[in-house]
Amino acid sequence: MESMEKAGEQTAPTKPLRCIVKLGGAAVTCKNELEKINYENLRVISVLLSRAMVLGGAIGMDWSRRDGVELDTSCVSLDGIQIHGDESMQCSNFIVVHGAGSYGHFQASKSQVHKGGLDHPLVKAGFVATRISVTSLNLEIVRALAREGIPSVGMSPFSCGWSTSERNIASADISTVVGAINSGFIPVLHGDAVLDHSQGCTILSGDVIIRHLAGLLRPEYVVFLTDVFGVYDRPPSEPDAILLREIAVNEDGSWSVVEPTLRNTNNQVEITVAAHDTTGGMATKLSEAAAIAKLGIDVYVVKAATHHAFKALNGEIKGKIPSNWLGTAIRFSGR
């Protein structure tokens, strides 16, 4: 508890935080294929983020080689001195947190890292394997954002000293995150394997990280980019699934559907979680989104790499929801 209070006392960003963006693992990876990135989706997401957040001519910032890709030196001279770009470029303050998708979940599930027990060799090996996997994905996402002129820097919760107790956040030093924002960088965090004071280790999901950051840094809004159009009243693969356009969260944490009007309001939203998902899937996402909305911060759940996603990222969903927008807005009922 004391460490949590100290975290809240840390220096806040010198400028308001515009938003926190969650890149869903299923949106940026091929979730049923081990460690395979959906490069086209990731490219489009990066372009939309750049258009929404960067003013002026963006400078490509990935100057390193990749297998099969030519080194892009168009924005920098060979002697490394003259940089070509718009000196008036400005980037809004925001944070990116991404899920693991087909990275990390398999390793964590097979070794039961989320259940703890570092004294078991398999768990310890799985902890290492999970972190290798999720940090490699983090690098690829940072590179994709950097290529579109977003000054992104990868940050791992484990390396920043985040830890849990009984799988709840116990310590979260955000000074590195705040320092990066104040220096004009965009922190890119991810779900991670972390130490747990009660069970040795666990998995800290990106959705829990977002809720914690939102509570401390109070962004204007939060956007969850997913592989479906929003929150449905049942698995969206079912033919009669209905997209919930607006959800109101009450003071006690309960929530109700504002739009559309459902025939049977006693029906609960059905949640499915993949067998290998050690972070709780959509159930955790909804719970954390509701907790954020209770703070008076709008949350938008929307399909990644679409113009609906751009509208949410650009802050166009604040106030009345456009009739042609597909997504879910989750808001506090008491404002």
# chains A, B, ... in the order shown; residues from 1 in each chain; ligands from 1
$ residues_around --residues "A:Val142" --least-positions-apart "3" --cutoff "6 Å" --atoms "only C-alpha atoms" --output "list in words"
Leu139, Leu145 and Ser152 of chain A
$ residues_around --residues "stretch 325-329 of chain A" --least-positions-apart "4" --cutoff "8 Å" --atoms "only C-alpha atoms" --output "MDAnalysis selection string"
chainID A and resid 229:231 243:247 298:303 308 321
$ residues_around --residues "A:Ala248" --least-positions-apart "5" --cutoff "9 Å" --atoms "only C-alpha atoms" --output "list of chain:residue names"
A:Ser254, A:Trp255, A:Ser256, A:Val257, A:Val258, A:Ala290, A:Ala293, A:Ala329, A:Ile330, A:Arg331, A:Phe332, A:Ser333, A:Gly334
$ closest_residue --among "A:Leu118, A:Leu42, A:Met53, A:Ile317" --to "A:Ser198" --atoms "only C-alpha atoms"
A:Leu118
$ residues_around --residues "A:Phe94" --least-positions-apart "4" --cutoff "8 Å" --atoms "only C-alpha atoms" --output "list in words"
Leu17, Arg18, Cys19, Ile20, Val21, Ile181, Ile186 and Pro187 of chain A
$ write_last_selection --atoms "N, CA and C atoms" --output "short mmCIF file (atom, residue, chain, number, x, y, z; two decimals), in the first residue's frame"
data_model
loop_
_atom_site.label_atom_id
_atom_site.label_comp_id
_atom_site.auth_asym_id
_atom_site.auth_seq_id
_atom_site.Cartn_x
_atom_site.Cartn_y
_atom_site.Cartn_z
N LEU A 17 -1.93 14.49 -20.58
CA LEU A 17 -1.85 13.27 -21.37
C LEU A 17 -3.11 13.14 -22.21
N ARG A 18 -2.93 13.10 -23.52
CA ARG A 18 -4.10 13.05 -24.40
C ARG A 18 -4.84 11.73 -24.28
N CYS A 19 -4.13 10.63 -24.43
CA CYS A 19 -4.81 9.34 -24.33
C CYS A 19 -3.84 8.21 -24.06
N ILE A 20 -4.39 7.07 -23.69
CA ILE A 20 -3.66 5.82 -23.59
C ILE A 20 -4.29 4.87 -24.61
N VAL A 21 -3.46 4.23 -25.41
CA VAL A 21 -3.94 3.34 -26.47
C VAL A 21 -3.53 1.91 -26.16
N ILE A 181 7.72 10.86 -21.30
CA ILE A 181 6.68 11.76 -21.82
C ILE A 181 7.14 13.21 -21.77
N ILE A 186 7.19 8.69 -26.67
CA ILE A 186 5.95 7.93 -26.47
C ILE A 186 6.30 6.58 -25.87
N PRO A 187 5.99 6.35 -24.59
CA PRO A 187 6.29 5.06 -23.96
C PRO A 187 5.43 3.95 -24.57
#
$ residues_around --residues "A:Ala26" --least-positions-apart "2" --cutoff "9 Å" --atoms "only C-alpha atoms" --output "PyMOL selection string"
chain A and resi 23-24+28-32+38+99-102+226-227
$ write_last_selection --atoms "N, CA and C atoms" --output "mmCIF file, in the first residue's frame"
data_model
loop_
_atom_site.group_PDB
_atom_site.id
_atom_site.type_symbol
_atom_site.label_atom_id
_atom_site.label_comp_id
_atom_site.auth_asym_id
_atom_site.auth_seq_id
_atom_site.Cartn_x
_atom_site.Cartn_y
_atom_site.Cartn_z
ATOM 1 N N LEU A 23 -3.140 -1.664 -27.788
ATOM 2 C CA LEU A 23 -3.112 -2.468 -29.006
ATOM 3 C C LEU A 23 -3.381 -3.916 -28.608
ATOM 4 N N GLY A 24 -4.556 -4.400 -28.922
ATOM 5 C CA GLY A 24 -4.897 -5.765 -28.560
ATOM 6 C C GLY A 24 -3.996 -6.770 -29.245
ATOM 7 N N VAL A 28 -2.759 -7.201 -33.506
ATOM 8 C CA VAL A 28 -1.414 -6.980 -34.084
ATOM 9 C C VAL A 28 -0.667 -8.280 -34.347
ATOM 10 N N THR A 29 -1.232 -9.414 -33.914
ATOM 11 C CA THR A 29 -0.610 -10.709 -34.217
ATOM 12 C C THR A 29 -1.666 -11.648 -34.784
ATOM 13 N N CYS A 30 -1.203 -12.736 -35.360
ATOM 14 C CA CYS A 30 -2.099 -13.803 -35.798
ATOM 15 C C CYS A 30 -2.210 -14.754 -34.607
ATOM 16 N N LYS A 31 -3.257 -14.591 -33.823
ATOM 17 C CA LYS A 31 -3.286 -15.179 -32.487
ATOM 18 C C LYS A 31 -3.244 -16.701 -32.474
ATOM 19 N N ASN A 32 -3.656 -17.346 -33.547
ATOM 20 C CA ASN A 32 -3.634 -18.813 -33.578
ATOM 21 C C ASN A 32 -2.378 -19.371 -34.228
ATOM 22 N N ASN A 38 0.822 -9.700 -37.439
ATOM 23 C CA ASN A 38 -0.027 -9.245 -38.540
ATOM 24 C C ASN A 38 0.554 -7.902 -39.003
ATOM 25 N N GLY A 99 -0.904 -5.869 -26.015
ATOM 26 C CA GLY A 99 -1.034 -7.220 -25.517
ATOM 27 C C GLY A 99 -0.015 -8.126 -26.181
ATOM 28 N N ALA A 100 -0.098 -9.412 -25.868
ATOM 29 C CA ALA A 100 0.896 -10.352 -26.368
ATOM 30 C C ALA A 100 0.413 -11.151 -27.571
ATOM 31 N N GLY A 101 -0.901 -11.382 -27.663
ATOM 32 C CA GLY A 101 -1.411 -12.157 -28.784
ATOM 33 C C GLY A 101 -0.753 -13.523 -28.855
ATOM 34 N N SER A 102 -0.157 -13.830 -30.011
ATOM 35 C CA SER A 102 0.484 -15.139 -30.177
ATOM 36 C C SER A 102 1.905 -15.161 -29.619
ATOM 37 N N THR A 226 -9.039 -3.530 -30.972
ATOM 38 C CA THR A 226 -9.225 -4.982 -30.911
ATOM 39 C C THR A 226 -9.402 -5.562 -32.313
ATOM 40 N N ASP A 227 -9.671 -6.856 -32.369
ATOM 41 C CA ASP A 227 -9.896 -7.515 -33.658
ATOM 42 C C ASP A 227 -11.377 -7.616 -33.998
#
$ select_by_dssp --residues "stretch 163-302 of chain A" --states "alpha helix (DSSP H)" --output "VMD selection string"
chain A and resid 175 to 182 206 to 217 281 to 294
$ closest_residue --among "A:Leu225, A:Leu55, A:Leu34, A:Ala172" --to "A:Ile150" --atoms "only C-alpha atoms"
A:Leu55
$ select_by_dssp --residues "stretch 124-180 of chain A" --states "strand (DSSP E)" --output "PyMOL selection string"
chain A and resi 152-154+163-165+168-171
$ decode --residues "stretch 199-308 of chain A" --atoms "C-alpha atoms" --output "PDB file, in the first residue's frame"
ATOM      1  CA  GLN A 199       3.616 -16.533  -5.167  1.00  0.00           C
ATOM      2  CA  GLY A 200       6.982 -15.741  -6.730  1.00  0.00           C
ATOM      3  CA  CYS A 201       5.832 -14.595 -10.163  1.00  0.00           C
ATOM      4  CA  THR A 202       2.782 -14.005 -12.332  1.00  0.00           C
ATOM      5  CA  ILE A 203       1.585 -12.393 -15.554  1.00  0.00           C
ATOM      6  CA  LEU A 204       0.681  -8.699 -15.467  1.00  0.00           C
ATOM      7  CA  SER A 205      -1.767  -8.015 -18.291  1.00  0.00           C
ATOM      8  CA  GLY A 206      -1.715  -4.931 -20.480  1.00  0.00           C
ATOM      9  CA  ASP A 207      -5.310  -4.146 -19.496  1.00  0.00           C
ATOM     10  CA  VAL A 208      -4.373  -3.965 -15.798  1.00  0.00           C
ATOM     11  CA  ILE A 209      -1.374  -1.776 -16.682  1.00  0.00           C
ATOM     12  CA  ILE A 210      -3.654   0.644 -18.536  1.00  0.00           C
ATOM     13  CA  ARG A 211      -6.077   0.924 -15.634  1.00  0.00           C
ATOM     14  CA  HIS A 212      -3.207   1.686 -13.263  1.00  0.00           C
ATOM     15  CA  LEU A 213      -1.656   4.301 -15.563  1.00  0.00           C
ATOM     16  CA  ALA A 214      -5.056   5.900 -16.198  1.00  0.00           C
ATOM     17  CA  GLY A 215      -5.665   6.265 -12.466  1.00  0.00           C
ATOM     18  CA  LEU A 216      -2.326   8.006 -11.927  1.00  0.00           C
ATOM     19  CA  LEU A 217      -1.980  10.064 -15.113  1.00  0.00           C
ATOM     20  CA  ARG A 218      -5.641  10.806 -15.977  1.00  0.00           C
ATOM     21  CA  PRO A 219      -5.665  10.843 -19.800  1.00  0.00           C
ATOM     22  CA  GLU A 220      -8.508  12.542 -21.657  1.00  0.00           C
ATOM     23  CA  TYR A 221      -9.650   9.171 -23.003  1.00  0.00           C
ATOM     24  CA  VAL A 222      -8.542   5.559 -23.472  1.00  0.00           C
ATOM     25  CA  VAL A 223      -8.810   3.536 -26.708  1.00  0.00           C
ATOM     26  CA  PHE A 224      -8.790  -0.273 -26.886  1.00  0.00           C
ATOM     27  CA  LEU A 225      -7.970  -1.419 -30.434  1.00  0.00           C
ATOM     28  CA  THR A 226      -9.225  -4.982 -30.911  1.00  0.00           C
ATOM     29  CA  ASP A 227      -9.896  -7.515 -33.658  1.00  0.00           C
ATOM     30  CA  VAL A 228     -13.696  -6.965 -33.459  1.00  0.00           C
ATOM     31  CA  PHE A 229     -15.847  -3.835 -33.718  1.00  0.00           C
ATOM     32  CA  GLY A 230     -16.437  -3.512 -29.979  1.00  0.00           C
ATOM     33  CA  VAL A 231     -18.217  -5.224 -27.090  1.00  0.00           C
ATOM     34  CA  TYR A 232     -21.063  -7.568 -28.013  1.00  0.00           C
ATOM     35  CA  ASP A 233     -23.859  -9.106 -25.966  1.00  0.00           C
ATOM     36  CA  ARG A 234     -22.411 -12.547 -26.841  1.00  0.00           C
ATOM     37  CA  PRO A 235     -19.401 -13.879 -28.764  1.00  0.00           C
ATOM     38  CA  PRO A 236     -19.323 -11.840 -32.000  1.00  0.00           C
ATOM     39  CA  SER A 237     -18.891 -15.020 -34.038  1.00  0.00           C
ATOM     40  CA  GLU A 238     -22.509 -15.918 -33.265  1.00  0.00           C
ATOM     41  CA  PRO A 239     -25.002 -14.770 -35.945  1.00  0.00           C
ATOM     42  CA  ASP A 240     -27.330 -12.893 -33.564  1.00  0.00           C
ATOM     43  CA  ALA A 241     -24.582 -11.028 -31.704  1.00  0.00           C
ATOM     44  CA  ILE A 242     -25.440  -7.371 -31.061  1.00  0.00           C
ATOM     45  CA  LEU A 243     -22.837  -4.611 -30.877  1.00  0.00           C
ATOM     46  CA  LEU A 244     -23.231  -2.572 -27.673  1.00  0.00           C
ATOM     47  CA  ARG A 245     -22.631   1.041 -28.767  1.00  0.00           C
ATOM     48  CA  GLU A 246     -22.680   2.650 -25.308  1.00  0.00           C
ATOM     49  CA  ILE A 247     -22.256   1.235 -21.806  1.00  0.00           C
ATOM     50  CA  ALA A 248     -22.793   3.274 -18.632  1.00  0.00           C
ATOM     51  CA  VAL A 249     -20.748   2.420 -15.532  1.00  0.00           C
ATOM     52  CA  ASN A 250     -22.300   3.176 -12.155  1.00  0.00           C
ATOM     53  CA  GLU A 251     -20.640   4.335  -8.947  1.00  0.00           C
ATOM     54  CA  ASP A 252     -20.757   0.825  -7.472  1.00  0.00           C
ATOM     55  CA  GLY A 253     -18.941  -0.595 -10.500  1.00  0.00           C
ATOM     56  CA  SER A 254     -22.009  -2.190 -12.053  1.00  0.00           C
ATOM     57  CA  TRP A 255     -22.840  -1.297 -15.627  1.00  0.00           C
ATOM     58  CA  SER A 256     -25.776  -1.183 -17.997  1.00  0.00           C
ATOM     59  CA  VAL A 257     -26.298  -0.938 -21.734  1.00  0.00           C
ATOM     60  CA  VAL A 258     -27.441   2.528 -22.865  1.00  0.00           C
ATOM     61  CA  GLU A 259     -27.566   1.828 -26.596  1.00  0.00           C
ATOM     62  CA  PRO A 260     -29.065  -0.188 -28.182  1.00  0.00           C
ATOM     63  CA  THR A 261     -32.074  -1.148 -26.108  1.00  0.00           C
ATOM     64  CA  LEU A 262     -31.889  -4.897 -25.624  1.00  0.00           C
ATOM     65  CA  ARG A 263     -35.028  -7.025 -25.654  1.00  0.00           C
ATOM     66  CA  ASN A 264     -33.998  -8.929 -22.550  1.00  0.00           C
ATOM     67  CA  THR A 265     -32.024  -6.638 -20.244  1.00  0.00           C
ATOM     68  CA  ASN A 266     -31.470  -9.533 -17.833  1.00  0.00           C
ATOM     69  CA  ASN A 267     -29.142 -11.204 -20.317  1.00  0.00           C
ATOM     70  CA  GLN A 268     -25.532 -10.891 -19.293  1.00  0.00           C
ATOM     71  CA  VAL A 269     -22.784 -10.353 -21.809  1.00  0.00           C
ATOM     72  CA  GLU A 270     -21.250 -13.728 -22.583  1.00  0.00           C
ATOM     73  CA  ILE A 271     -17.475 -13.870 -22.387  1.00  0.00           C
ATOM     74  CA  THR A 272     -15.157 -16.384 -24.006  1.00  0.00           C
ATOM     75  CA  VAL A 273     -11.475 -16.771 -23.157  1.00  0.00           C
ATOM     76  CA  ALA A 274      -9.022 -18.759 -25.250  1.00  0.00           C
ATOM     77  CA  ALA A 275      -7.539 -21.733 -23.423  1.00  0.00           C
ATOM     78  CA  HIS A 276      -3.991 -20.362 -23.706  1.00  0.00           C
ATOM     79  CA  ASP A 277      -4.879 -16.821 -22.578  1.00  0.00           C
ATOM     80  CA  THR A 278      -3.394 -16.341 -19.096  1.00  0.00           C
ATOM     81  CA  THR A 279      -4.602 -12.726 -18.759  1.00  0.00           C
ATOM     82  CA  GLY A 280      -8.387 -13.188 -18.669  1.00  0.00           C
ATOM     83  CA  GLY A 281      -9.223 -12.038 -22.206  1.00  0.00           C
ATOM     84  CA  MET A 282     -12.333  -9.891 -22.743  1.00  0.00           C
ATOM     85  CA  ALA A 283     -13.489 -10.435 -19.146  1.00  0.00           C
ATOM     86  CA  THR A 284     -10.420  -8.601 -17.827  1.00  0.00           C
ATOM     87  CA  LYS A 285     -10.727  -5.970 -20.555  1.00  0.00           C
ATOM     88  CA  LEU A 286     -14.321  -5.131 -19.567  1.00  0.00           C
ATOM     89  CA  SER A 287     -13.510  -5.078 -15.867  1.00  0.00           C
ATOM     90  CA  GLU A 288     -10.558  -2.723 -16.336  1.00  0.00           C
ATOM     91  CA  ALA A 289     -12.462  -0.526 -18.820  1.00  0.00           C
ATOM     92  CA  ALA A 290     -15.276  -0.127 -16.289  1.00  0.00           C
ATOM     93  CA  ALA A 291     -12.773   0.818 -13.564  1.00  0.00           C
ATOM     94  CA  ILE A 292     -11.278   3.475 -15.872  1.00  0.00           C
ATOM     95  CA  ALA A 293     -14.719   4.844 -16.791  1.00  0.00           C
ATOM     96  CA  LYS A 294     -15.529   5.208 -13.074  1.00  0.00           C
ATOM     97  CA  LEU A 295     -12.708   7.767 -12.936  1.00  0.00           C
ATOM     98  CA  GLY A 296     -14.628   9.914 -15.423  1.00  0.00           C
ATOM     99  CA  ILE A 297     -12.413   8.865 -18.354  1.00  0.00           C
ATOM    100  CA  ASP A 298     -14.181   7.727 -21.531  1.00  0.00           C
ATOM    101  CA  VAL A 299     -13.105   4.334 -22.891  1.00  0.00           C
ATOM    102  CA  TYR A 300     -13.594   3.374 -26.551  1.00  0.00           C
ATOM    103  CA  VAL A 301     -13.402  -0.234 -27.733  1.00  0.00           C
ATOM    104  CA  VAL A 302     -13.095  -0.350 -31.519  1.00  0.00           C
ATOM    105  CA  LYS A 303     -11.751  -2.491 -34.349  1.00  0.00           C
ATOM    106  CA  ALA A 304      -8.123  -1.762 -35.174  1.00  0.00           C
ATOM    107  CA  ALA A 305      -6.989  -0.515 -38.605  1.00  0.00           C
ATOM    108  CA  THR A 306     -10.387   0.995 -39.519  1.00  0.00           C
ATOM    109  CA  HIS A 307     -11.674   4.549 -39.959  1.00  0.00           C
ATOM    110  CA  HIS A 308     -13.742   3.911 -36.827  1.00  0.00           C
TER     111      HIS A 308
END
